[in-house]
file structure_17.txt (compact mmCIF, C-alpha atoms)
# COMPACT_ATOMS: atom_id res chain seq x y z
CA MET P 107 -4.89 0.40 2.26
CA ALA P 108 -7.82 -1.95 1.99
CA LYS P 109 -7.29 -5.63 1.29
CA LEU P 110 -10.00 -5.60 -1.38
CA SER P 111 -8.90 -6.01 -4.99
CA VAL P 112 -10.61 -5.91 -8.38
CA ALA P 113 -9.13 -7.38 -11.58
CA ILE P 114 -10.03 -6.03 -15.02
CA VAL P 115 -9.79 -8.76 -17.67
CA GLY P 116 -10.77 -9.31 -21.29
CA LYS P 117 -9.30 -9.91 -24.71
CA PRO P 118 -6.88 -7.32 -26.15
CA ASN P 119 -8.05 -3.93 -27.35
CA VAL P 120 -11.47 -3.77 -25.70
CA GLY P 121 -10.70 -0.68 -23.60
CA LYS P 122 -9.52 -2.18 -20.30
CA SER P 123 -6.81 0.41 -19.75
CA THR P 124 -9.14 3.31 -20.61
CA PHE P 125 -11.65 1.96 -18.08
CA PHE P 126 -8.85 1.59 -15.49
CA ASN P 127 -7.48 5.10 -16.07
CA TYR P 128 -10.90 6.72 -15.76
CA ILE P 129 -11.66 5.08 -12.41
CA ILE P 130 -8.34 5.94 -10.78
CA GLY P 131 -8.31 9.43 -12.34
CA GLN P 132 -4.80 9.14 -13.75
CA ARG P 133 -3.25 8.02 -17.01
CA ILE P 134 -1.18 5.19 -15.57
CA SER P 135 -1.92 2.38 -18.00
CA ILE P 136 -0.71 2.90 -21.56
CA VAL P 137 -3.64 3.42 -23.91
CA GLU P 138 -3.04 2.59 -27.55
CA ASP P 139 -5.02 0.98 -30.37
CA THR P 140 -2.64 -1.94 -30.56
CA PRO P 141 -3.51 -5.32 -29.02
CA GLY P 142 -1.14 -6.34 -26.26
CA VAL P 143 0.23 -2.90 -25.33
CA THR P 144 -0.43 -3.60 -21.63
CA ARG P 145 1.87 -6.58 -21.14
CA ASP P 146 1.95 -6.68 -17.38
CA ARG P 147 -0.47 -5.96 -14.59
CA VAL P 148 -0.77 -2.35 -13.48
CA TYR P 149 -2.45 -1.56 -10.20
CA ALA P 150 -3.55 1.49 -8.24
CA VAL P 151 -5.84 2.35 -5.34
CA ALA P 152 -9.38 3.47 -6.16
CA ASN P 153 -12.29 4.43 -3.90
CA TRP P 154 -16.03 4.04 -4.30
CA ARG P 155 -18.67 4.83 -1.66
CA GLY P 156 -15.97 5.27 0.96
CA VAL P 157 -14.30 1.90 0.33
CA ASP P 158 -10.70 1.65 -0.89
CA PHE P 159 -9.75 -1.17 -3.21
CA THR P 160 -6.82 -2.09 -5.41
CA LEU P 161 -7.72 -2.00 -9.10
CA ILE P 162 -5.60 -4.30 -11.29
CA ASP P 163 -5.37 -3.73 -15.03
CA THR P 164 -4.27 -6.80 -16.96
CA ALA P 165 -2.93 -7.65 -20.36
CA GLY P 166 -5.43 -9.05 -22.84
CA ILE P 167 -6.19 -12.78 -22.68
CA GLU P 168 -5.83 -14.81 -25.87
CA PRO P 169 -6.47 -18.40 -24.73
CA GLU P 170 -5.34 -20.26 -27.85
CA SER P 171 -2.17 -18.33 -28.71
CA ASP P 172 1.23 -20.02 -28.42
CA ASP P 173 3.16 -16.77 -28.79
CA ILE P 174 5.59 -16.47 -25.85
CA ILE P 175 4.71 -12.88 -24.96
CA ILE P 176 0.97 -13.47 -25.27
CA SER P 177 1.34 -16.64 -23.20
CA GLN P 178 3.05 -14.63 -20.47
CA MET P 179 0.32 -11.99 -20.66
CA ARG P 180 -2.28 -14.73 -20.21
CA GLU P 181 -0.43 -16.03 -17.15
CA GLN P 182 -0.30 -12.51 -15.70
CA ALA P 183 -4.07 -12.20 -16.12
CA LYS P 184 -4.63 -15.57 -14.45
CA ILE P 185 -2.57 -14.44 -11.47
CA ALA P 186 -4.62 -11.26 -11.14
CA ILE P 187 -7.84 -13.31 -11.31
CA SER P 188 -6.63 -15.58 -8.53
CA ILE P 189 -5.85 -12.57 -6.33
CA ALA P 190 -9.03 -10.56 -6.96
CA ASP P 191 -12.15 -10.37 -4.81
CA VAL P 192 -14.20 -9.24 -7.81
CA ILE P 193 -13.52 -9.62 -11.56
CA VAL P 194 -14.61 -7.08 -14.18
CA PHE P 195 -14.85 -8.80 -17.57
CA ILE P 196 -14.75 -6.19 -20.36
CA THR P 197 -16.01 -6.96 -23.85
CA ASP P 198 -16.47 -4.89 -27.02
CA ILE P 199 -20.16 -4.34 -27.83
CA LYS P 200 -19.29 -3.36 -31.40
CA GLN P 201 -17.55 -6.68 -32.04
CA GLY P 202 -20.26 -8.73 -30.39
CA VAL P 203 -19.56 -12.01 -28.57
CA THR P 204 -16.42 -13.63 -29.98
CA ALA P 205 -14.97 -17.11 -29.50
CA ILE P 206 -12.29 -15.62 -27.24
CA ASP P 207 -15.00 -13.97 -25.10
CA GLU P 208 -16.68 -17.36 -24.70
CA GLU P 209 -13.43 -19.04 -23.65
CA ILE P 210 -12.62 -16.26 -21.18
CA ALA P 211 -16.15 -16.50 -19.74
CA LEU P 212 -15.68 -20.24 -19.22
CA MET P 213 -12.35 -19.65 -17.46
CA LEU P 214 -13.89 -16.98 -15.21
CA LYS P 215 -16.77 -19.22 -14.20
CA LYS P 216 -14.26 -21.81 -13.00
CA SER P 217 -12.67 -19.19 -10.74
CA ALA P 218 -15.90 -19.05 -8.67
CA LYS P 219 -15.30 -15.31 -8.15
CA PRO P 220 -18.03 -12.63 -8.53
CA ILE P 221 -17.96 -11.43 -12.15
CA ILE P 222 -19.22 -8.11 -13.52
CA LEU P 223 -19.79 -8.29 -17.28
CA VAL P 224 -19.12 -4.96 -19.03
CA CYS P 225 -19.88 -4.16 -22.68
CA ASN P 226 -17.58 -1.29 -23.57
CA LYS P 227 -17.79 1.18 -26.49
CA ALA P 228 -21.55 1.75 -26.07
CA ASP P 229 -20.97 5.38 -26.92
CA ASN P 230 -24.55 6.66 -27.34
CA PHE P 231 -26.90 8.02 -24.66
CA GLY P 232 -30.38 6.61 -24.18
CA GLU P 233 -31.72 3.07 -24.25
CA PRO P 234 -29.25 0.13 -24.15
CA PRO P 235 -28.23 -0.85 -27.66
CA ALA P 236 -29.89 -3.95 -29.11
CA GLU P 237 -26.46 -5.60 -29.47
CA ILE P 238 -26.19 -5.99 -25.71
CA TYR P 239 -28.69 -8.84 -25.52
CA GLU P 240 -26.26 -11.18 -27.30
CA PHE P 241 -23.97 -10.98 -24.26
CA TYR P 242 -26.53 -12.72 -22.02
CA ASN P 243 -25.45 -15.90 -23.84
CA LEU P 244 -22.15 -15.80 -21.91
CA GLY P 245 -24.07 -16.84 -18.79
CA LEU P 246 -22.51 -14.17 -16.56
CA GLY P 247 -25.66 -12.28 -15.65
CA THR P 248 -26.71 -8.79 -16.68
CA PRO P 249 -24.21 -7.02 -18.95
CA TYR P 250 -23.47 -3.36 -18.23
CA PRO P 251 -23.19 -1.10 -21.31
CA VAL P 252 -20.50 1.56 -20.79
CA SER P 253 -18.34 3.96 -22.71
CA SER P 254 -14.96 4.27 -21.01
CA THR P 255 -13.98 7.05 -23.41
CA ASN P 256 -17.09 9.13 -22.70
CA ALA P 257 -17.48 8.04 -19.04
CA LEU P 258 -20.97 6.61 -19.55
CA GLY P 259 -22.33 3.92 -17.26
CA ILE P 260 -19.17 3.50 -15.16
CA GLY P 261 -20.93 4.49 -11.93
CA ASP P 262 -23.33 1.56 -12.36
CA VAL P 263 -20.38 -0.80 -12.76
CA LEU P 264 -18.73 0.57 -9.61
CA ASP P 265 -21.98 0.08 -7.68
CA ALA P 266 -22.10 -3.52 -8.90
CA ILE P 267 -18.49 -4.04 -7.78
CA TYR P 268 -19.27 -2.56 -4.38
CA ASN P 269 -22.26 -4.87 -3.93
CA GLU P 270 -20.06 -7.92 -4.59
CA PHE P 271 -17.37 -7.02 -2.08
CA PRO P 272 -17.14 -9.38 0.92
CA LYS P 273 -19.02 -7.55 3.66
CA ASP P 274 -16.53 -8.52 6.37
CA LYS P 275 -13.75 -6.70 4.51
CA ILE P 276 -15.87 -3.59 3.93
CA LYS P 277 -16.61 -3.28 7.63
CA GLU P 278 -12.97 -3.35 8.65
CA ASP P 279 -11.82 -0.10 10.25
CA ASP P 280 -8.04 -0.17 10.29
CA SER P 281 -7.36 3.56 10.53
CA GLU P 282 -5.42 3.07 13.79
CA VAL P 283 -3.55 0.02 12.54
CA ILE P 284 -0.07 0.33 11.04
CA LYS P 285 0.38 -2.11 8.17
CA VAL P 286 3.94 -3.38 7.91
CA ALA P 287 5.10 -5.31 4.84
CA VAL P 288 8.05 -7.55 5.70
CA ILE P 289 9.92 -7.86 2.42
CA GLY P 290 13.25 -9.06 1.11
CA LYS P 291 14.97 -11.82 -0.80
CA PRO P 292 13.97 -15.45 -0.20
CA ASN P 293 15.43 -17.12 2.87
CA VAL P 294 16.47 -13.92 4.62
CA GLY P 295 14.38 -14.59 7.74
CA LYS P 296 11.09 -12.79 7.08
CA SER P 297 8.84 -15.56 8.42
CA SER P 298 11.15 -16.13 11.38
CA LEU P 299 10.90 -12.46 12.32
CA VAL P 300 7.11 -12.41 12.06
CA ASN P 301 6.91 -15.58 14.14
CA LYS P 302 9.21 -14.08 16.79
CA ILE P 303 6.99 -10.98 16.97
CA LEU P 304 3.76 -12.99 17.14
CA GLY P 305 5.17 -15.49 19.61
CA GLU P 306 3.79 -18.39 17.60
CA ASN P 307 4.58 -20.28 14.42
CA ARG P 308 1.93 -18.65 12.26
CA ALA P 309 4.04 -18.69 9.08
CA ILE P 310 5.95 -21.72 7.84
CA VAL P 311 9.67 -21.35 8.50
CA SER P 312 12.11 -23.24 6.32
CA ASN P 313 15.58 -22.74 4.92
CA ILE P 314 14.27 -23.63 1.46
CA ALA P 315 14.00 -20.43 -0.56
CA GLY P 316 10.45 -19.63 -1.62
CA THR P 317 8.58 -21.50 1.14
CA THR P 318 6.21 -18.58 1.69
CA ARG P 319 4.27 -18.42 -1.58
CA ASP P 320 1.58 -16.02 -0.41
CA ALA P 321 1.36 -12.75 1.48
CA ILE P 322 0.14 -13.61 4.98
CA ASP P 323 -1.52 -10.95 7.17
CA SER P 324 -1.03 -11.29 10.92
CA GLU P 325 -2.73 -8.90 13.35
CA PHE P 326 -0.78 -7.97 16.43
CA GLU P 327 -1.28 -5.57 19.34
CA ASN P 328 1.02 -4.60 22.20
CA GLU P 329 1.82 -1.58 24.35
CA PHE P 330 3.19 0.26 21.31
CA GLY P 331 0.03 0.01 19.21
CA LYS P 332 -1.91 -2.09 16.70
CA TYR P 333 -0.22 -3.64 13.70
CA VAL P 334 -0.76 -5.90 10.74
CA PHE P 335 2.43 -7.68 9.70
CA ILE P 336 2.35 -8.84 6.09
CA ASP P 337 4.80 -11.70 5.62
CA THR P 338 5.60 -11.96 1.93
CA ALA P 339 7.28 -14.39 -0.39
CA GLY P 340 10.82 -13.38 -1.20
CA ILE P 341 11.34 -11.38 -4.37
CA ARG P 342 13.67 -13.17 -6.76
CA ARG P 343 15.41 -11.73 -9.76
CA LYS P 344 13.11 -11.58 -12.76
CA SER P 345 15.34 -13.98 -14.67
CA LYS P 346 14.63 -16.57 -12.00
CA VAL P 347 10.88 -15.97 -11.87
CA THR P 348 9.86 -18.72 -14.24
CA GLU P 349 7.14 -20.69 -12.49
CA SER P 350 3.60 -19.34 -12.55
CA ILE P 351 3.48 -19.69 -8.77
CA GLU P 352 6.62 -17.55 -8.45
CA LYS P 353 5.04 -14.82 -10.59
CA PHE P 354 2.07 -15.01 -8.25
CA SER P 355 4.40 -14.49 -5.27
CA VAL P 356 6.04 -11.42 -6.81
CA MET P 357 2.63 -9.93 -7.53
CA ARG P 358 1.54 -10.59 -3.94
CA THR P 359 4.67 -8.90 -2.65
CA ASN P 360 4.17 -5.84 -4.84
CA LEU P 361 0.55 -5.55 -3.68
CA ALA P 362 1.71 -5.95 -0.07
CA ILE P 363 4.06 -3.01 -0.58
CA GLU P 364 1.23 -0.96 -2.11
CA ARG P 365 -1.17 -1.50 0.79
CA SER P 366 1.40 -1.13 3.56
CA ASP P 367 2.24 1.95 5.60
CA VAL P 368 5.78 0.85 6.35
CA CYS P 369 8.08 -1.52 4.48
CA LEU P 370 10.48 -3.45 6.68
CA VAL P 371 13.24 -4.68 4.35
CA LEU P 372 15.33 -7.54 5.69
CA ILE P 373 18.96 -7.91 4.58
CA ASP P 374 21.10 -10.96 5.32
CA ALA P 375 24.05 -9.81 7.44
CA LEU P 376 26.14 -12.75 6.21
CA GLU P 377 25.63 -11.86 2.55
CA GLY P 378 25.63 -8.08 2.83
CA LEU P 379 23.74 -5.76 0.51
CA SER P 380 23.11 -7.34 -2.89
CA GLU P 381 21.87 -5.85 -6.15
CA GLN P 382 18.53 -7.56 -5.55
CA ASP P 383 18.27 -5.98 -2.08
CA THR P 384 18.78 -2.58 -3.69
CA LYS P 385 16.01 -3.25 -6.20
CA ILE P 386 13.61 -4.32 -3.44
CA ILE P 387 14.39 -1.18 -1.43
CA GLY P 388 13.84 0.78 -4.63
CA GLU P 389 10.35 -0.75 -4.99
CA ALA P 390 9.37 0.53 -1.53
CA HIS P 391 10.98 3.92 -2.21
CA GLU P 392 9.14 4.36 -5.52
CA ALA P 393 5.87 3.38 -3.85
CA GLY P 394 6.38 6.23 -1.37
CA LYS P 395 6.22 4.02 1.70
CA GLY P 396 7.85 4.42 5.07
CA LEU P 397 11.09 2.44 4.97
CA ILE P 398 13.15 0.62 7.58
CA ILE P 399 16.18 -1.54 6.80
CA ALA P 400 16.70 -4.43 9.20
CA VAL P 401 19.98 -6.32 8.98
CA ASN P 402 19.04 -9.83 10.12
CA LYS P 403 21.26 -12.67 11.44
CA TRP P 404 23.48 -10.12 13.19
CA ASP P 405 24.08 -12.70 15.94
CA GLU P 406 26.02 -14.81 13.42
CA ILE P 407 28.52 -12.08 12.54
CA GLU P 408 31.97 -12.14 14.14
CA LYS P 409 32.39 -8.68 15.59
CA GLU P 410 35.18 -6.40 16.55
CA THR P 411 35.26 -2.73 17.50
CA GLY P 412 33.37 -0.67 14.95
CA THR P 413 31.87 -3.60 13.01
CA LEU P 414 28.30 -2.27 13.26
CA GLU P 415 29.27 1.31 12.42
CA LYS P 416 31.30 0.17 9.40
CA PHE P 417 28.43 -2.00 8.09
CA GLU P 418 25.95 0.85 8.54
CA LYS P 419 28.20 3.36 6.77
CA GLU P 420 28.62 1.02 3.80
CA LEU P 421 24.85 0.57 3.55
CA LYS P 422 24.25 4.33 3.61
CA ASN P 423 26.86 4.89 0.90
CA LYS P 424 25.37 2.23 -1.37
CA LEU P 425 21.79 3.38 -0.79
CA GLY P 426 22.15 7.06 -1.55
CA PHE P 427 18.58 7.29 -2.88
CA ALA P 428 17.25 5.86 0.40
CA SER P 429 19.79 7.24 2.87
CA TYR P 430 16.83 8.59 4.89
CA ALA P 431 15.90 5.03 5.96
CA PRO P 432 16.86 4.09 9.54
CA ILE P 433 18.94 0.93 9.91
CA ILE P 434 18.60 -1.59 12.72
CA PHE P 435 20.66 -4.73 13.37
CA ILE P 436 18.55 -7.64 14.60
CA SER P 437 18.34 -11.38 15.02
CA ALA P 438 14.97 -12.96 14.31
CA LYS P 439 16.36 -16.18 15.77
CA THR P 440 17.38 -14.84 19.20
CA GLY P 441 15.06 -11.81 19.33
CA GLN P 442 17.97 -9.34 19.53
CA ARG P 443 16.62 -5.77 19.19
CA VAL P 444 13.29 -7.04 17.80
CA ASN P 445 11.34 -5.07 20.43
CA LYS P 446 13.04 -1.87 19.27
CA LEU P 447 11.32 -2.27 15.90
CA PHE P 448 7.95 -1.06 17.20
CA GLU P 449 9.01 2.46 18.20
CA MET P 450 10.90 2.71 14.91
CA ILE P 451 7.82 1.57 12.94
CA ASN P 452 5.60 4.07 14.80
CA ASN P 453 8.02 6.93 14.14
CA VAL P 454 8.45 6.14 10.44
CA ALA P 455 4.68 5.78 9.94
CA SER P 456 4.05 9.17 11.57
CA GLN P 457 6.82 10.81 9.54
CA ASN P 458 5.36 9.36 6.32
CA ALA P 459 1.98 10.91 7.23
CA LEU P 460 3.39 14.25 8.48
CA ARG P 461 1.64 17.43 7.32
CA ILE P 462 3.40 20.80 7.42
CA SER P 463 1.57 24.12 7.39
CA THR P 464 2.10 26.36 4.37
CA SER P 465 3.47 29.28 6.40
CA VAL P 466 6.05 27.15 8.20
CA LEU P 467 7.07 25.43 4.97
CA ASN P 468 7.64 28.75 3.22
CA ASN P 469 9.73 30.05 6.10
CA VAL P 470 12.03 27.06 5.60
CA ILE P 471 12.17 27.59 1.82
CA ASN P 472 12.94 31.31 2.23
CA ASN P 473 15.71 30.58 4.72
CA ALA P 474 17.15 27.99 2.34
CA ILE P 475 17.15 30.53 -0.51
CA ALA P 476 18.90 33.10 1.71
CA VAL P 477 21.69 30.65 2.55
CA VAL P 478 22.22 29.27 -0.98
CA GLN P 479 21.06 31.44 -3.86
CA PRO P 480 19.04 29.69 -6.60
CA PRO P 481 21.03 28.86 -9.76
CA THR P 482 21.26 31.04 -12.84
CA ASP P 483 21.59 30.19 -16.52
CA LYS P 484 22.52 32.72 -19.22
CA GLY P 485 21.51 35.63 -17.02
CA ARG P 486 18.23 34.08 -15.89
CA ARG P 487 17.88 33.26 -12.20
CA LEU P 488 15.55 30.69 -10.76
CA ARG P 489 12.88 32.23 -8.53
CA LEU P 490 10.96 30.16 -5.99
CA TYR P 491 7.66 31.90 -5.33
CA TYR P 492 6.12 29.67 -2.68
CA GLY P 493 5.45 26.07 -1.75
CA VAL P 494 2.52 24.06 -0.44
CA GLN P 495 2.19 20.49 0.76
CA ALA P 496 0.02 18.60 -1.69
CA THR P 497 -0.34 15.30 0.13
CA THR P 498 1.11 12.88 2.65
CA LYS P 499 2.24 9.26 2.41
CA PRO P 500 4.79 10.28 1.27
CA PRO P 501 5.07 14.01 2.07
CA THR P 502 4.75 15.70 -1.31
CA PHE P 503 5.36 19.39 -1.87
CA VAL P 504 4.43 21.59 -4.81
CA ILE P 505 6.84 24.49 -5.41
CA PHE P 506 5.91 27.27 -7.83
CA VAL P 507 8.78 28.81 -9.79
CA ASN P 508 9.37 31.16 -12.69
CA ASN P 509 11.09 28.54 -14.87
CA LYS P 510 11.09 24.78 -14.25
CA GLU P 511 14.17 24.22 -16.42
CA LEU P 512 16.26 26.34 -14.05
CA PHE P 513 15.31 24.20 -11.05
CA HIS P 514 18.13 21.70 -11.44
CA PHE P 515 18.19 18.37 -9.65
CA SER P 516 21.02 19.43 -7.35
CA TYR P 517 19.05 22.44 -6.07
CA GLN P 518 15.93 20.31 -5.66
CA ARG P 519 17.96 17.94 -3.52
CA TYR P 520 19.23 20.91 -1.49
CA ILE P 521 15.65 22.10 -0.83
CA ILE P 522 14.60 18.57 0.18
CA ASN P 523 17.56 18.33 2.57
CA CYS P 524 16.59 21.67 4.13
CA ILE P 525 13.04 20.41 4.65
CA ARG P 526 14.40 17.20 6.21
CA ASN P 527 16.77 19.14 8.48
CA ASN P 528 13.84 21.15 9.85
CA PHE P 529 11.14 18.48 10.12
CA GLY P 530 13.00 15.20 10.40
CA LEU P 531 11.04 13.04 7.96
CA GLU P 532 13.13 10.03 8.93
CA GLY P 533 12.26 6.86 7.08
CA THR P 534 10.08 8.45 4.40
CA PRO P 535 10.69 9.59 0.83
CA VAL P 536 10.04 13.27 0.13
CA ARG P 537 8.74 14.31 -3.27
CA LEU P 538 8.78 17.65 -5.03
CA ILE P 539 6.39 18.69 -7.79
CA ILE P 540 7.68 21.70 -9.70
CA ARG P 541 5.19 24.04 -11.39
CA GLU P 542 5.50 27.37 -13.07
CA LYS P 543 3.22 30.00 -11.60
CA GLY P 544 -0.05 30.08 -13.50
CA GLU P 545 0.48 26.57 -14.84
CA LYS P 546 -2.59 24.33 -15.07
CA GLY P 547 -3.16 22.52 -11.80
CA GLU P 548 -2.21 25.44 -9.57
call {"tool": "encode", "arguments": {"input": "structure_17.txt", "output": "structure tokens"}}
result
Amino acid sequence: MAKLSVAIVGKPNVGKSTFFNYIIGQRISIVEDTPGVTRDRVYAVANWRGVDFTLIDTAGIEPESDDIIISQMREQAKIAISIADVIVFITDIKQGVTAIDEEIALMLKKSAKPIILVCNKADNFGEPPAEIYEFYNLGLGTPYPVSSTNALGIGDVLDAIYNEFPKDKIKEDDSEVIKVAVIGKPNVGKSSLVNKILGENRAIVSNIAGTTRDAIDSEFENEFGKYVFIDTAGIRRKSKVTESIEKFSVMRTNLAIERSDVCLVLIDALEGLSEQDTKIIGEAHEAGKGLIIAVNKWDEIEKETGTLEKFEKELKNKLGFASYAPIIFISAKTGQRVNKLFEMINNVASQNALRISTSVLNNVINNAIAVVQPPTDKGRRLRLYYGVQATTKPPTFVIFVNNKELFHFSYQRYIINCIRNNFGLEGTPVRLIIREKGEKGE
């Protein structure tokens, strides 16, 4: 995933989420005529003119409000602005320039980032409405009239965004590079591991939790391939994320997960698997990334016969939703088994990008049906007509059936296990999309 990012900002209820949803082609952000519905940042990957970028939708900015929730929304928007390469400032052409627009414009100018001024709700074709000229007073250059609802003028805005992207980032060709996000709780050894791999102290190493505030990209090449290791700030529990800078770190970590190919989750061997570790692994699982669990500080564990096997079994039992993830026991301090990570990373990345032909997939599904008959309910039996692979990263399969309600979770899990047994798919989530034959989208 590209490192480029674009933040959409503006006061509440100007159409930011509608603009966001149209560009990414999905209804991810909640759209409602109530100010403040989008309370957190939402982000997704978009593409324009062959360039991928992360599009960040933000909650509305109300600079003068003391309301706790609105204050938090404002902080979230500020974090997105600080991360972005380009900022899209959306206003409401029907409302005209408001005092809040002027304050937001002043804040954006201080950011020194490229700013694209958009006047939304210009719903009529033809010449730009006369109201648009008022927006030149914001001092942000030429305003772009658009209608997010009717998809008018958005291509011009995307062209303007493209023209403001840093050219060195656009030219990057990282198709052969595996991007590895090193994630985990604070003080679990993420920076130490990256430094051991790089052979130099590129990231600050300290036993003070939260030393790494940013996500640091480090390029690395060896006999196994080309990599970018993304060393991230540790993810704390939300109740402990109080400082603005900590919120920034969590956002950086989440974006690192989004643009990675493989997530390498570090667990402290001395502490064992915590609830927070499970949540972090869940973030990578939900994002559909390749997943490896590395138990760090294994050199500090007193061992006896079967210690490793017992620890691994306990992890698998507690992580039922991610039992597909390979587990490796390492020491970032001594380098124990660190070199074995590369082959594991390569394998997981290839499994996450695996594509299976339709004919072979359906042979597996048919064999699975022959071994275990589909369930019935009140005389109706589930029928699986055929399946196709919709996409990779993660491998996602669409299965057409006669009745979706009959396709219970347990039988879905059985089909997924049969696919795994035949194709491996180690270290990657597998997703099923269930459709009834003839349903829209077929």
call {"tool": "atom_distance", "arguments": {"input": "structure_17.txt", "atom1": "CA of Asn473 in chain P", "atom2": "CA of Lys422 in chain P"}}
result
27.6 Å
call {"tool": "atom_distance", "arguments": {"input": "structure_17.txt", "atom1": "CA of Lys285 in chain P", "atom2": "CA of Val334 in chain P"}}
result
4.7 Å
call {"tool": "closest_residue", "arguments": {"input": "structure_17.txt", "among": "P:Arg155, P:Lys424, P:Lys291, P:Lys117", "to": "Glu209 in chain P", "atoms": "all atoms listed in the file"}}
result
P:Lys117
call {"tool": "residues_near_point", "arguments": {"input": "structure_17.txt", "point": "(-12.0, -18.7, -21.8)", "cutoff": "10 Å", "atoms": "all atoms listed in the file", "output": "VMD selection string"}}
result
chain P and resid 116 to 117 167 to 170 205 to 216
call {"tool": "atom_distance", "arguments": {"input": "structure_17.txt", "atom1": "CA of Ile387 in chain P", "atom2": "CA of Ile373 in chain P"}}
result
10.1 Å
call {"tool": "closest_residue", "arguments": {"input": "structure_17.txt", "among": "P:Thr359, P:Asn458, P:Ser324, P:Thr124", "to": "Arg526 in chain P", "atoms": "all atoms listed in the file"}}
result
P:Asn458
call {"tool": "closest_residue", "arguments": {"input": "structure_17.txt", "among": "P:Asp229, P:Glu327, P:Glu270, P:Asp163", "to": "Val192 in chain P", "atoms": "only C-alpha atoms"}}
result
P:Glu270
call {"tool": "closest_residue", "arguments": {"input": "structure_17.txt", "among": "P:Pro501, P:Gly493, P:Gly426, P:Pro535", "to": "Ala390 in chain P", "atoms": "all atoms listed in the file"}}
result
P:Pro535
